[in-house]
Amino acid sequence: MIGADGVIPPLAVSMGDPAGIGPEIIAKAWTARDEYGLPPFVAVGDDRAIARVWNGPITVVQDIRSAVAAFPDALPVLSVEDAGEITPGRPDVEGARCALHALELAVGLVRSNAASALVTGPVSKAQLYQIGFTHPGQTEFVAERCGIAGANAVMMLAGPSLRVVPMTTHVPLAQVPGLITVDLVLAKARATARGLFRNFGIAEPRLAVAGLNPHAGESGAIGREEIDVIEPAIAQLQAEGIDITGPLAADTLFHPRARARYDAVLCCYHDQALVPLKTLHFDEGVNITLGLPIVRTSPDHGTAFGIAGMDAAEPGAMIAAIRMASEAAAHRARLGL
């Protein structure tokens, strides 16, 4: 995406909760911009939240177009409304309101092509719910603002050597078997295959599907979900031309030789996907949302209020999220999307 003036628009990075580690890791990402080859980005939120935890140069910009020129010398911030009294590690509803408005503005910037991609900092859903936020998370909010049903927005967690898609997310484990349906597997697999092409430039993506039960059910001996649900879905996807294998035993699906055989793996529940991803890539895991008309990524961690303001937050996941967003936007631009 190149603007009318011939300049590639910056990324929009919503700051997240101003009392969390979002302001710190955004500032640290800017400090490491040359080391990691980061593209220009603009932080969206209350500039005071960054000043509280970082003494580096900040430039408050009124127009996102000026962020590119400011970026080499200072962290550009597009400031939203006053977040009230900001105390790192002590979230409140004023900070949540600021985080939500920053997210809304950042989404609008990307939707209008003023920004090339969206990176979202971590928020506190507990605080957001107190101000009337009704979405399960930022993913569903962004999807709605993009005119996409939340169910069609697929969460992928990605690191340097592993990409995982949890087919169910924040639900009790006891509910998972009833939620794994043929339609669910079809929808998640199709969106994943499209997303790997659109965001990662993989022309012929290879997918794997983890079984729900130990040993993928052992031919029905310890569960029939693989036989009754997952296998029929895989057969239909293969008939559509998607390169997909499974159901495979999850306990042998994540070692190096196994990972070399697929580009992404669909998992049945949250921890089946997130445990291997965070074991391998705890400090560089990225949440990328597939199925959206825009590129959206986020560091795969939370607000970490317990260490906010202590200069202890590692920026690796934010750096990775910015790089992945930039690369995905470039892939889409090459495809004319």
# chains A, B, ... in the order shown; residues from 1 in each chain; ligands from 1

call {"tool": "select_by_dssp", "arguments": {"residues": "segment 101-276 of chain A", "states": "helix (DSSP H, G or I)", "output": "PyMOL selection string"}}
result
chain A and resi 101-111+125-130+138-145+150-152+173-179+182-200+214-217+225-239+250-252+256-259+270-276

call {"tool": "residues_around", "arguments": {"residues": "segment 262-268 of chain A", "least_positions_apart": "5", "cutoff": "9 Å", "atoms": "only C-alpha atoms", "output": "ChimeraX atom specification"}}
result
/A:156,158,162-169,176-177,180,185,188-189,192-193,196,202,205-212,244-245,250,253,273

call {"tool": "closest_residue", "arguments": {"among": "A:Asn152, A:Thr120, A:Gln236, A:Thr297", "to": "Ala329 of chain A", "atoms": "only C-alpha atoms"}}
result
A:Thr297

call {"tool": "select_by_dssp", "arguments": {"residues": "segment 7-206 of chain A", "states": "strand (DSSP E or B)", "output": "MDAnalysis selection string"}}
result
chainID A and resid 11:14 41:45 58:60 75:79 118:120 154:158 163:166 206

call {"tool": "atom_distance", "arguments": {"atom1": "atom CA of Glu104 of chain A", "atom2": "atom CA of Val44 of chain A"}}
result
9.8 Å

call {"tool": "residues_around", "arguments": {"residues": "Leu75 of chain A", "least_positions_apart": "2", "cutoff": "7 Å", "atoms": "only C-alpha atoms", "output": "count of residues only"}}
result
6

call {"tool": "closest_residue", "arguments": {"among": "A:Pro293, A:Ala249, A:Ala317, A:Pro232", "to": "Ala149 of chain A", "atoms": "only C-alpha atoms"}}
result
A:Pro293

call {"tool": "closest_residue", "arguments": {"among": "A:Val275, A:Val154, A:Ala126, A:Val53", "to": "Pro18 of chain A", "atoms": "only C-alpha atoms"}}
result
A:Val53

call {"tool": "closest_residue", "arguments": {"among": "A:Ala191, A:Leu186, A:Leu78, A:Leu157", "to": "Ile234 of chain A", "atoms": "only C-alpha atoms"}}
result
A:Leu186

call {"tool": "atom_distance", "arguments": {"atom1": "atom CA of Ile307 of chain A", "atom2": "atom CA of Gln138 of chain A"}}
result
22.2 Å

call {"tool": "closest_residue", "arguments": {"among": "A:Ala235, A:Val286, A:Ile131, A:Ala330", "to": "Pro9 of chain A", "atoms": "only C-alpha atoms"}}
result
A:Ala330

call {"tool": "atom_distance", "arguments": {"atom1": "atom CA of Ala233 of chain A", "atom2": "atom CA of Val182 of chain A"}}
result
5.2 Å

call {"tool": "closest_residue", "arguments": {"among": "A:Gly84, A:Pro299, A:Pro276, A:Gly220", "to": "Glu314 of chain A", "atoms": "only C-alpha atoms"}}
result
A:Pro299

call {"tool": "residues_around", "arguments": {"residues": "Gly20 of chain A", "least_positions_apart": "3", "cutoff": "10 Å", "atoms": "only C-alpha atoms", "output": "CSV table (one decimal) with N, CA, C and O atoms, in the first residue's frame"}}
result
chain,number,residue,atom,x,y,z
A,15,MET,N,-2.2,1.5,21.9
A,15,MET,CA,-1.3,1.4,23.0
A,15,MET,C,-1.8,0.3,24.0
A,15,MET,O,-1.0,-0.2,24.9
A,16,GLY,N,-3.1,0.0,24.0
A,16,GLY,CA,-3.6,-0.9,25.0
A,16,GLY,C,-3.9,-0.2,26.3
A,16,GLY,O,-4.0,1.0,26.3
A,17,ASP,N,-4.0,-0.9,27.4
A,17,ASP,CA,-4.3,-0.3,28.7
A,17,ASP,C,-3.1,0.6,29.1
A,17,ASP,O,-2.0,0.1,29.1
A,23,PRO,N,2.6,0.6,26.8
A,23,PRO,CA,3.4,1.8,26.5
A,23,PRO,C,4.9,1.5,26.5
A,23,PRO,O,5.7,2.0,25.6
A,24,GLU,N,5.3,0.7,27.4
A,24,GLU,CA,6.8,0.4,27.6
A,24,GLU,C,7.3,-0.4,26.4
A,24,GLU,O,8.4,-0.1,25.9
A,25,ILE,N,6.6,-1.5,26.0
A,25,ILE,CA,7.1,-2.3,24.9
A,25,ILE,C,7.0,-1.6,23.6
A,25,ILE,O,7.8,-1.9,22.7
A,49,ALA,N,1.2,8.1,29.0
A,49,ALA,CA,1.5,6.7,29.5
A,49,ALA,C,2.9,6.3,29.1
A,49,ALA,O,3.5,5.6,29.8
A,86,ILE,N,-2.7,8.3,35.4
A,86,ILE,CA,-2.1,7.1,35.0
A,86,ILE,C,-1.1,6.6,36.0
A,86,ILE,O,-0.1,7.3,36.3
A,87,THR,N,-1.3,5.4,36.6
A,87,THR,CA,-0.4,4.8,37.5
A,87,THR,C,0.0,3.4,37.0
A,87,THR,O,-0.9,2.5,36.9
A,88,PRO,N,1.2,3.2,36.5
A,88,PRO,CA,1.5,1.8,36.0
A,88,PRO,C,1.2,0.8,37.0
A,88,PRO,O,1.5,0.9,38.2
A,89,GLY,N,0.6,-0.3,36.5
A,89,GLY,CA,0.2,-1.4,37.4
A,89,GLY,C,-1.1,-1.3,38.1
A,89,GLY,O,-1.6,-2.2,38.8
A,90,ARG,N,-1.8,-0.1,37.9
A,90,ARG,CA,-3.1,0.1,38.6
A,90,ARG,C,-4.1,0.5,37.5
A,90,ARG,O,-4.4,1.7,37.3
A,91,PRO,N,-4.8,-0.4,36.9
A,91,PRO,CA,-5.7,-0.1,35.9
A,91,PRO,C,-7.0,0.5,36.5
A,91,PRO,O,-7.4,0.2,37.6
A,95,GLY,N,-8.6,4.5,32.1
A,95,GLY,CA,-7.6,3.9,31.3
A,95,GLY,C,-8.2,3.0,30.3
A,95,GLY,O,-7.8,3.0,29.1
A,121,GLY,N,-2.0,-3.3,21.2
A,121,GLY,CA,-1.4,-3.6,22.5
A,121,GLY,C,-2.3,-4.3,23.4
A,121,GLY,O,-3.6,-4.3,23.2
A,122,PRO,N,-1.9,-4.9,24.5
A,122,PRO,CA,-2.7,-5.7,25.4
A,122,PRO,C,-3.7,-4.8,26.2
A,122,PRO,O,-3.3,-3.7,26.7
A,123,VAL,N,-4.9,-5.3,26.4
A,123,VAL,CA,-5.9,-4.6,27.2
A,123,VAL,C,-6.4,-5.4,28.3
A,123,VAL,O,-6.1,-6.7,28.4
A,124,SER,N,-7.1,-4.8,29.2
A,124,SER,CA,-7.7,-5.5,30.4
A,124,SER,C,-9.2,-5.7,30.1
A,124,SER,O,-9.9,-4.7,30.1
A,302,GLY,N,-0.4,-10.7,27.8
A,302,GLY,CA,-1.3,-9.7,28.4
A,302,GLY,C,-0.7,-8.4,28.9
A,302,GLY,O,0.4,-8.1,28.5
A,303,THR,N,-1.5,-7.7,29.7
A,303,THR,CA,-1.1,-6.4,30.2
A,303,THR,C,0.1,-6.5,31.2
A,303,THR,O,0.8,-5.5,31.4
A,304,ALA,N,0.3,-7.6,31.9
A,304,ALA,CA,1.4,-7.8,32.9
A,304,ALA,C,1.4,-6.6,33.8
A,304,ALA,O,2.5,-6.0,34.1
A,305,PHE,N,0.3,-6.3,34.5
A,305,PHE,CA,0.2,-5.2,35.4
A,305,PHE,C,1.3,-5.3,36.5
A,305,PHE,O,1.8,-4.4,37.1
A,306,GLY,N,1.6,-6.6,36.9
A,306,GLY,CA,2.5,-6.8,38.0
A,306,GLY,C,3.9,-6.3,37.7
A,306,GLY,O,4.7,-6.0,38.7
A,307,ILE,N,4.3,-6.1,36.5
A,307,ILE,CA,5.7,-5.6,36.2
A,307,ILE,C,5.6,-4.2,35.5
A,307,ILE,O,6.6,-3.7,35.1
A,308,ALA,N,4.4,-3.7,35.3
A,308,ALA,CA,4.3,-2.4,34.6
A,308,ALA,C,5.0,-1.3,35.3
A,308,ALA,O,4.9,-1.2,36.6
A,309,GLY,N,5.7,-0.5,34.6
A,309,GLY,CA,6.5,0.6,35.2
A,309,GLY,C,7.8,0.3,35.8
A,309,GLY,O,8.4,1.2,36.4
A,313,ALA,N,9.6,-5.2,31.2
A,313,ALA,CA,8.9,-5.9,30.1
A,313,ALA,C,9.8,-6.1,28.9
A,313,ALA,O,10.5,-5.3,28.5
